[in-house]
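K.L.:
Data: entry39.txt, compact mmCIF, C-alpha atoms.
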```txt
# COMPACT_ATOMS: atom_id res chain seq x y z
CA MET A 19 0.00 0.00 0.00
CA GLN A 20 1.34 3.43 -0.86
CA ARG A 21 1.37 6.25 1.65
CA GLY A 22 -0.08 9.70 1.26
CA SER A 23 1.99 11.97 -0.99
CA ASP A 24 3.14 14.20 1.89
CA GLN A 25 5.40 11.42 3.14
CA THR A 26 7.39 11.01 -0.06
CA GLN A 27 9.87 13.80 0.74
CA LEU A 28 11.85 11.79 3.25
CA SER A 29 15.62 11.52 3.01
CA SER A 30 17.05 8.04 2.59
CA GLN A 31 18.00 7.94 6.26
CA GLU A 32 14.51 9.01 7.26
CA GLN A 33 13.07 6.32 5.01
CA MET A 34 15.22 3.72 6.72
CA PHE A 35 14.22 5.02 10.12
CA LEU A 36 10.53 4.93 9.19
CA SER A 37 10.87 1.33 8.00
CA LEU A 38 12.55 0.40 11.25
CA VAL A 39 9.93 2.16 13.38
CA GLU A 40 7.10 0.43 11.56
CA GLN A 41 8.90 -2.90 11.80
CA LEU A 42 9.34 -2.52 15.57
CA SER A 43 5.69 -1.63 16.11
CA ARG A 44 4.90 -5.25 15.35
CA PRO A 45 6.76 -6.95 18.22
CA MET A 46 5.68 -4.14 20.53
CA LEU A 47 2.08 -4.86 19.63
CA GLN A 48 2.64 -8.57 20.22
CA ILE A 49 4.11 -7.87 23.66
CA ASN A 50 1.15 -5.61 24.46
CA GLN A 51 -1.23 -8.37 23.44
CA LEU A 52 0.56 -10.94 25.56
CA ALA A 53 0.50 -8.59 28.55
CA GLU A 54 -3.25 -8.26 28.11
CA LEU A 55 -3.65 -12.03 27.90
CA ALA A 56 -1.50 -12.55 30.98
CA SER A 57 -4.24 -11.65 33.40
CA ASP A 58 -6.24 -14.76 32.53
CA ALA A 59 -3.34 -17.08 31.73
CA THR A 60 -2.54 -20.31 33.54
CA ALA A 61 1.01 -20.80 34.82
CA GLU A 62 1.85 -22.94 31.79
CA GLU A 63 0.37 -20.38 29.37
CA ALA A 64 2.23 -17.58 31.14
CA GLU A 65 5.53 -19.44 30.71
CA GLN A 66 4.80 -19.89 26.98
CA HIS A 67 4.01 -16.18 26.73
CA TRP A 68 7.32 -15.33 28.38
CA GLN A 69 9.18 -17.49 25.86
CA VAL A 70 7.48 -15.58 23.05
CA VAL A 71 8.30 -12.24 24.67
CA ARG A 72 11.95 -13.23 25.08
CA ALA A 73 12.27 -14.40 21.49
CA ILE A 74 10.63 -11.37 19.89
CA THR A 75 12.37 -8.91 22.21
CA ASN A 76 15.78 -10.41 21.46
CA ALA A 77 15.08 -10.33 17.74
CA SER A 78 13.99 -6.68 17.97
CA LEU A 79 17.08 -5.75 19.96
CA GLN A 80 19.23 -7.50 17.34
CA LEU A 81 17.57 -5.45 14.61
CA VAL A 82 18.03 -2.21 16.53
CA GLU A 83 21.68 -3.00 17.24
CA ASN A 84 22.29 -3.95 13.63
CA TYR A 85 20.78 -0.66 12.47
CA ALA A 86 22.89 1.25 15.01
CA LEU A 87 25.99 -0.58 13.78
CA SER A 88 25.24 0.43 10.20
CA LEU A 89 24.85 4.07 11.27
CA ARG A 90 28.12 4.01 13.22
CA LEU A 91 29.97 2.50 10.29
CA HIS A 92 28.55 4.89 7.72
CA GLY A 93 29.24 7.79 10.08
CA LYS A 94 32.85 6.62 10.56
CA LEU A 95 32.28 6.28 14.29
CA THR A 96 33.35 2.65 14.10
CA LYS A 97 35.98 1.01 11.94
CA LEU A 98 35.73 -2.27 10.15
CA GLU A 99 37.86 -5.09 11.46
CA LEU A 100 38.55 -7.14 8.40
CA GLU A 101 39.71 -10.71 8.75
CA PRO A 102 39.62 -13.85 6.64
CA LEU A 103 36.61 -15.83 7.78
CA THR A 104 34.70 -18.90 6.75
CA VAL A 105 31.17 -18.09 5.71
CA SER A 106 30.04 -21.56 6.76
CA SER A 107 30.86 -21.00 10.41
CA LEU A 108 29.29 -17.55 10.25
CA LEU A 109 26.03 -18.90 8.86
CA TYR A 110 26.08 -21.63 11.47
CA ASP A 111 26.29 -18.97 14.19
CA THR A 112 23.59 -16.95 12.43
CA ALA A 113 21.27 -19.95 12.43
CA HIS A 114 21.90 -20.42 16.12
CA ALA A 115 21.02 -16.76 16.80
CA LEU A 116 17.84 -16.96 14.71
CA THR A 117 16.55 -20.24 16.14
CA PRO A 118 14.46 -18.88 19.06
CA PHE A 119 12.72 -16.40 16.74
CA ALA A 120 12.12 -19.03 14.06
CA LYS A 121 10.71 -21.43 16.64
CA GLN A 122 8.03 -18.97 17.69
CA TYR A 123 6.90 -18.68 14.08
CA GLY A 124 6.99 -22.42 13.43
CA VAL A 125 9.71 -22.00 10.83
CA SER A 126 12.59 -24.44 10.40
CA LEU A 127 16.12 -23.32 9.59
CA GLU A 128 18.33 -25.39 7.32
CA LEU A 129 21.97 -24.92 6.53
CA ASP A 130 23.08 -25.62 2.96
CA LEU A 131 26.83 -25.15 2.83
CA SER A 132 29.06 -26.13 -0.01
CA SER A 133 32.16 -27.93 1.12
CA ARG A 134 35.59 -26.30 1.06
CA LEU A 135 34.43 -22.78 0.54
CA GLN A 136 37.24 -20.27 0.29
CA PRO A 137 37.51 -17.79 3.13
CA VAL A 138 36.33 -14.24 2.52
CA LEU A 139 37.78 -11.01 3.85
CA ALA A 140 35.12 -9.31 5.92
CA ASP A 141 34.22 -7.90 9.32
CA ARG A 142 32.65 -10.83 11.11
CA SER A 143 30.23 -8.85 13.27
CA VAL A 144 29.06 -6.74 10.32
CA LEU A 145 28.49 -9.73 8.06
CA GLN A 146 26.75 -11.72 10.76
CA SER A 147 24.56 -8.73 11.64
CA ALA A 148 23.57 -8.42 7.99
CA MET A 149 22.72 -12.11 7.74
CA THR A 150 20.76 -12.02 10.99
CA SER A 151 18.69 -9.03 9.86
CA LEU A 152 18.02 -10.74 6.55
CA GLY A 153 17.17 -14.00 8.29
CA GLN A 154 14.52 -12.34 10.42
CA VAL A 155 12.71 -11.08 7.32
CA PHE A 156 12.82 -14.51 5.70
CA ILE A 157 11.46 -16.13 8.84
CA LEU A 158 8.52 -13.70 8.83
CA ALA A 159 8.03 -14.28 5.11
CA SER A 160 8.05 -18.03 5.48
CA ALA A 161 5.58 -17.87 8.35
CA GLU A 162 3.16 -15.82 6.27
CA SER A 163 2.69 -18.53 3.69
CA ASP A 164 -0.18 -20.93 4.21
CA LYS A 165 2.13 -23.47 5.80
CA ALA A 166 5.11 -22.11 7.68
CA GLY A 167 8.05 -23.71 6.01
CA THR A 168 11.79 -23.55 5.97
CA VAL A 169 14.38 -20.85 5.61
CA ASN A 170 17.62 -22.05 4.06
CA LEU A 171 20.85 -20.37 5.08
CA ALA A 172 23.11 -21.18 2.18
CA ALA A 173 26.61 -20.49 0.94
CA HIS A 174 28.07 -21.66 -2.33
CA ARG A 175 30.78 -20.77 -4.79
CA SER A 176 30.32 -18.60 -7.83
CA ARG A 177 32.91 -17.33 -10.22
CA TYR A 178 32.80 -14.00 -8.42
CA GLY A 179 33.31 -15.39 -4.93
CA VAL A 180 31.21 -16.87 -2.16
CA VAL A 181 27.46 -16.28 -2.36
CA ALA A 182 25.86 -16.26 1.09
CA GLY A 183 22.26 -15.55 1.88
CA MET A 184 18.76 -16.61 2.84
CA TYR A 185 16.48 -18.65 0.63
CA GLY A 186 12.95 -20.02 0.58
CA LYS A 187 10.11 -20.93 -1.73
CA HIS A 188 9.52 -17.34 -2.82
CA GLN A 189 8.90 -17.83 -6.48
CA GLN A 190 7.58 -14.30 -6.93
CA LEU A 191 10.81 -12.67 -5.77
CA SER A 192 12.64 -11.25 -8.75
CA THR A 193 15.40 -8.79 -9.59
CA ASP A 194 12.66 -6.32 -10.32
CA SER A 195 11.17 -6.85 -6.83
CA LEU A 196 14.38 -5.71 -5.19
CA ARG A 197 14.79 -2.74 -7.48
CA ARG A 198 11.22 -1.65 -6.79
CA ALA A 199 11.73 -2.17 -3.06
CA HIS A 200 14.55 0.36 -3.10
CA ALA A 201 12.35 2.81 -4.90
CA MET A 202 9.39 2.16 -2.58
CA GLN A 203 11.25 2.18 0.73
CA GLY A 204 9.66 4.79 2.98
CA LYS A 205 7.03 5.51 0.33
CA ALA A 206 5.09 2.27 0.58
CA ARG A 207 4.15 0.30 3.63
CA GLN A 208 4.98 -2.94 1.84
CA PRO A 209 8.07 -2.31 -0.30
CA LEU A 210 8.68 -6.06 -0.75
CA GLN A 211 5.12 -7.32 -0.83
CA ARG A 212 6.09 -10.31 -2.98
CA LEU A 213 8.27 -11.46 -0.10
CA VAL A 214 6.68 -10.26 3.14
CA SER A 215 3.67 -8.22 4.23
CA GLY A 216 5.48 -5.74 6.50
CA PRO A 217 8.12 -3.04 5.98
CA ALA A 218 10.96 -5.62 5.53
CA ALA A 219 13.27 -3.30 7.45
CA GLY A 220 15.75 -6.12 7.98
CA VAL A 221 16.46 -6.23 4.24
CA PHE A 222 17.42 -2.57 4.18
CA VAL A 223 19.45 -2.84 7.38
CA ALA A 224 21.28 -5.82 5.88
CA GLU A 225 21.95 -3.88 2.71
CA SER A 226 23.25 -0.88 4.64
CA LEU A 227 25.67 -3.14 6.52
CA LEU A 228 26.80 -4.96 3.38
CA GLN A 229 27.55 -1.65 1.70
CA THR A 230 30.27 -1.06 4.30
CA LEU A 231 31.86 -4.29 3.04
CA SER A 232 31.56 -3.10 -0.58
CA ALA A 233 28.96 -5.78 -1.18
CA HIS A 234 25.25 -5.62 -1.92
CA LEU A 235 22.18 -7.78 -1.79
CA HIS A 236 20.87 -9.40 -4.93
CA VAL A 237 18.18 -11.87 -5.80
CA ALA A 238 19.76 -15.29 -6.00
CA ARG A 239 18.68 -18.77 -6.90
CA PHE A 240 19.97 -21.85 -5.18
CA HIS A 241 18.73 -25.26 -6.32
CA LYS A 242 14.95 -24.69 -6.53
CA LEU A 243 14.89 -21.88 -4.01
CA THR A 244 14.88 -18.11 -4.41
CA GLY A 245 16.33 -15.67 -1.96
CA LEU A 246 18.49 -12.68 -1.23
CA ALA A 247 22.25 -13.05 -0.98
CA ALA A 248 25.53 -11.19 -1.10
CA THR A 249 28.53 -12.18 -3.16
CA LEU A 250 31.79 -11.82 -1.25
CA PRO A 251 35.15 -12.03 -2.99
CA ALA A 252 37.36 -14.81 -1.75
CA SER A 253 40.26 -13.79 0.44
CA SER A 254 43.68 -14.36 -1.03
CA GLN A 255 45.38 -13.67 2.30
CA LEU A 256 44.88 -17.04 3.83
CA GLN A 257 43.76 -20.35 2.42
CA LEU A 258 42.32 -22.54 5.12
CA VAL A 259 42.59 -26.27 4.55
CA MET B 19 -19.90 -16.48 16.46
CA HIS B 20 -17.64 -17.84 13.73
CA ILE B 21 -14.89 -15.40 12.94
CA LEU B 22 -12.58 -15.43 9.93
CA LEU B 23 -9.34 -13.73 10.95
CA VAL B 24 -7.15 -12.70 8.01
CA GLU B 25 -3.84 -11.96 9.73
CA PRO B 26 -0.41 -12.61 8.20
CA ASP B 27 1.51 -12.60 11.49
CA ARG B 28 1.25 -15.94 13.29
CA ILE B 29 2.01 -14.61 16.76
CA SER B 30 -0.60 -11.86 16.55
CA ALA B 31 -3.04 -14.35 15.03
CA ARG B 32 -2.56 -16.64 18.04
CA ASN B 33 -3.08 -13.73 20.43
CA TYR B 34 -6.24 -12.53 18.70
CA THR B 35 -7.55 -16.10 18.59
CA SER B 36 -6.93 -16.54 22.32
CA ALA B 37 -8.81 -13.38 23.19
CA LEU B 38 -11.72 -14.02 20.85
CA SER B 39 -12.00 -17.66 21.90
CA ALA B 40 -12.07 -16.61 25.54
CA ALA B 41 -14.96 -14.33 24.59
CA GLY B 42 -16.86 -17.34 23.29
CA HIS B 43 -16.16 -17.11 19.57
CA THR B 44 -14.83 -19.72 17.15
CA VAL B 45 -11.92 -18.38 15.15
CA VAL B 46 -10.45 -19.64 11.89
CA THR B 47 -7.27 -17.97 10.70
CA ALA B 48 -5.93 -17.34 7.22
CA HIS B 49 -2.53 -15.76 6.59
CA THR B 50 -3.03 -14.78 2.97
CA ALA B 51 -5.90 -13.43 0.86
CA GLN B 52 -5.99 -16.60 -1.21
CA ASP B 53 -6.19 -18.82 1.84
CA ALA B 54 -8.90 -16.59 3.31
CA VAL B 55 -11.20 -17.21 0.37
CA HIS B 56 -10.71 -20.98 0.67
CA VAL B 57 -11.28 -20.88 4.42
CA ALA B 58 -14.44 -18.77 4.07
CA ASP B 59 -15.75 -21.30 1.59
CA GLU B 60 -15.31 -24.11 4.09
CA HIS B 61 -16.40 -22.27 7.24
CA ILE B 62 -18.79 -19.46 6.38
CA PRO B 63 -17.99 -16.75 8.91
CA ASP B 64 -20.33 -14.47 10.82
CA VAL B 65 -17.70 -11.73 10.93
CA VAL B 66 -14.46 -11.13 9.05
CA LEU B 67 -11.46 -9.42 10.61
CA VAL B 68 -8.88 -8.40 8.05
CA GLU B 69 -5.43 -6.81 8.01
CA LEU B 70 -4.97 -4.71 4.87
CA GLN B 71 -1.23 -5.35 4.67
CA LEU B 72 -1.20 -8.88 3.34
CA PRO B 73 1.56 -10.72 1.48
CA TYR B 74 1.24 -11.00 -2.29
CA HIS B 75 -2.14 -9.25 -2.44
CA ASN B 76 -3.53 -5.98 -1.20
CA GLY B 77 -6.15 -6.36 1.52
CA VAL B 78 -8.54 -4.08 -0.34
CA GLU B 79 -8.28 -6.40 -3.36
CA PHE B 80 -9.24 -9.24 -1.04
CA LEU B 81 -12.28 -7.29 0.16
CA TYR B 82 -13.48 -6.73 -3.40
CA GLU B 83 -13.07 -10.41 -4.16
CA PHE B 84 -14.81 -11.40 -0.94
CA ARG B 85 -17.76 -9.19 -1.77
CA SER B 86 -18.00 -10.61 -5.28
CA TYR B 87 -19.51 -13.74 -3.79
CA THR B 88 -23.23 -13.05 -3.31
CA GLU B 89 -23.55 -15.52 -0.46
CA TRP B 90 -21.06 -13.45 1.55
CA LEU B 91 -22.56 -10.03 0.92
CA HIS B 92 -24.28 -9.88 4.31
CA ILE B 93 -21.17 -10.70 6.40
CA PRO B 94 -19.86 -7.68 8.32
CA ILE B 95 -16.17 -6.89 7.90
CA ILE B 96 -13.91 -5.20 10.43
CA ILE B 97 -10.57 -3.87 9.26
CA LEU B 98 -7.87 -4.46 11.88
CA SER B 99 -4.76 -2.98 10.36
CA PHE B 100 -1.42 -1.28 10.86
CA VAL B 101 -2.57 1.23 8.27
CA PRO B 102 -3.92 4.20 10.23
CA PRO B 103 -7.46 5.27 9.26
CA SER B 104 -6.11 8.69 8.29
CA GLU B 105 -4.11 7.06 5.47
CA LEU B 106 -7.12 5.27 4.05
CA SER B 107 -8.17 7.66 1.33
CA GLU B 108 -10.78 5.17 0.27
CA ALA B 109 -12.33 4.79 3.73
CA SER B 110 -15.75 5.93 2.57
CA VAL B 111 -15.66 3.40 -0.26
CA LEU B 112 -14.74 0.71 2.21
CA THR B 113 -17.73 1.46 4.40
CA ARG B 114 -20.22 2.28 1.65
CA GLU B 115 -19.43 -0.29 -1.02
CA LEU B 116 -17.63 -3.08 0.80
CA GLY B 117 -19.64 -3.35 3.98
CA VAL B 118 -16.80 -2.49 6.34
CA VAL B 119 -18.51 -1.74 9.63
CA GLN B 120 -15.45 -0.55 11.54
CA ILE B 121 -11.83 0.38 10.89
CA LEU B 122 -9.51 -0.39 13.80
CA HIS B 123 -5.90 0.77 14.02
CA LYS B 124 -3.94 -2.15 15.45
CA PRO B 125 -1.36 -0.33 17.57
CA VAL B 126 -4.08 1.45 19.54
CA THR B 127 -6.68 -1.32 19.71
CA SER B 128 -6.61 -3.54 22.75
CA LEU B 129 -7.86 -7.12 22.67
CA ALA B 130 -10.83 -6.08 24.83
CA GLU B 131 -11.72 -3.34 22.35
CA LEU B 132 -11.48 -5.82 19.50
CA CYS B 133 -13.88 -8.19 21.25
CA ALA B 134 -16.30 -5.33 21.81
CA ALA B 135 -16.11 -4.37 18.14
CA VAL B 136 -16.86 -7.95 17.12
CA ASP B 137 -19.86 -8.06 19.45
CA LYS B 138 -21.14 -4.81 18.00
CA ALA B 139 -20.59 -5.95 14.41
CA THR B 140 -22.77 -8.99 14.79
CA THR B 141 -25.77 -6.74 15.25
CA VAL B 142 -25.03 -4.80 12.06
CA ARG B 143 -26.80 -5.59 8.83
CA THR B 144 -25.17 -4.60 5.54
```
Using structure tokens, write down the structure from this file.

P.N.:
Amino acid sequence: MQRGSDQTQLSSQEQMFLSLVEQLSRPMLQINQLAELASDATAEEAEQHWQVVRAITNASLQLVENYALSLRLHGKLTKLELEPLTVSSLLYDTAHALTPFAKQYGVSLELDLSSRLQPVLADRSVLQSAMTSLGQVFILASAESDKAGTVNLAAHRSRYGVVAGMYGKHQQLSTDSLRRAHAMQGKARQPLQRLVSGPAAGVFVAESLLQTLSAHLHVARFHKLTGLAATLPASSQLQLV
Amino acid sequence: MHILLVEPDRISARNYTSALSAAGHTVVTAHTAQDAVHVADEHIPDVVLVELQLPYHNGVEFLYEFRSYTEWLHIPIIILSFVPPSELSEASVLTRELGVVQILHKPVTSLAELCAAVDKATTVRT
């Protein structure tokens, strides 16, 4: 849905901030709902509610921190700490961080990692933050389909380097979808409607972080799945056996 | 009452279902517009609650499709959405042509207020 015309004069930073604000209104609403339900909850129900609150609060804090990191990097308040790293281990840690959030949405996480991937030169915290932000969006997207399915965290080789990203059965996601999302960010409430119903702030936070690594998100296909990924040049500094 | 809840977010859907069930209603949930039409066909609702921000399809498009079925013309619809009413330029069309009896803004609508709106809607004839 498109907003009223008076909101189309936002700067790119304001657009990002608006996406983030609208994204965070969702978990805040969920917490409000659970607080309202708490008064009539049994002890077992209350414990389940607390698990939900913990998972969605942690995910929201991750998103906020990831956005703050992107601002600090772009504002030169923080420097990158580049190191050769294995994308496989990074995605494994990302899956671990996303698991509580995925569980609450009934979504499974699967790792698809090609063997003997070359290391890439990147800032580990920045890359992991980008993947986590992206993963949250894909979890929400997967949960919105009729049957909550699986999000695949995958890394494979391409001739340009290591392609790492999030994938699912999102057949309607296309190169054009991402291009339009950039144009619609801050102007439309659903800039990536073919992927997810909400503001998809995590996609834009991920992209902002990847830009600091001179990388960018692109629509990618992996086996029969479609997703968003970044291509990272292999590091020539160190070859890990 | 049988309620069709069209809500893409599973956690919010569970919360709304808990509240409405506690108020004595039977709730069936659909996460997409397409699924909502199938579900309505199987369990004809007494009231429809719908979020306008749906994946793949616009919620207003869903409302037009829903109203294209003559057997569902009489069913009251409540919009329960993140879209604030002030941004709905077509609000009068929604109420006049599509039988929307109330537009609720999610962030400021408590579960108790939602239950009250559902109770009120069941006395409305479109």

K.L.:
May I ask which of the residues A:Leu250, A:Phe240, A:Ser37, A:Glu32 is the closest one to Gln208 (chain A), counting only C-alpha atoms?

P.N.:
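Looking at the shortest contact to Gln208 (chain A), the residue is A:Ser37.
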
K.L.:
Kindly provide, as a list in words, the residues of chain B having any atom no farther than 8 Å from an atom of chain A, counting only C-alpha atoms.

P.N.:
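Putting it all together, I get Pro26, Asp27, Arg28, Ile29, Ser30, Asn33, Ser36, Ala37, Ala48, His49, Thr50, Asp53, Gln71, Leu72, Pro73, Tyr74, His75, Asn76, Glu105, Lys124, Pro125, Ser128 and Leu129 of chain B.
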
K.L.:
My list of candidates is B:Val136, B:Leu70, B:Ala40, B:Val78. Which is closest to Pro94 (chain B) when distances are computed with all atoms listed in the file?

P.N.:
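Ranked by minimum distance to Pro94 (chain B), first place goes to B:Val136.
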
K.L.:
Restricting the calculation to all atoms listed in the file: of A:Ser226, A:Ser192, A:Gln203, A:Ser254, which residue gets closest to Gln33 (chain A)?

P.N.:
A:Gln203

K.L.:
Quick one: residues within 7 Å of (-11.1, -1.8, 0.4) (file frame), counting only C-alpha atoms, please, as a compact mmCIF listing (two decimals) with C-alpha atoms, in the frame of the given file.

P.N.:
```txt
# COMPACT_ATOMS: atom_id res chain seq x y z
CA GLY B 77 -6.15 -6.36 1.52
CA VAL B 78 -8.54 -4.08 -0.34
CA GLU B 79 -8.28 -6.40 -3.36
CA LEU B 81 -12.28 -7.29 0.16
CA TYR B 82 -13.48 -6.73 -3.40
CA GLU B 108 -10.78 5.17 0.27
CA VAL B 111 -15.66 3.40 -0.26
CA LEU B 112 -14.74 0.71 2.21
CA LEU B 116 -17.63 -3.08 0.80
```

K.L.:
I'd like to know which of B:Ala51, B:Val118, B:Val57, B:Val66 is closest to Leu23 (chain B), using only C-alpha atoms.

P.N.:
B:Val66

K.L.:
For a test of reading the model, state the distance in Å between CA of Glu63 (chain A) and CA of Arg32 (chain B), rounded to one decimal.

P.N.:
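According to the coordinates, CA of Glu63 (chain A) and CA of Arg32 (chain B) are separated by 12.3 Å.
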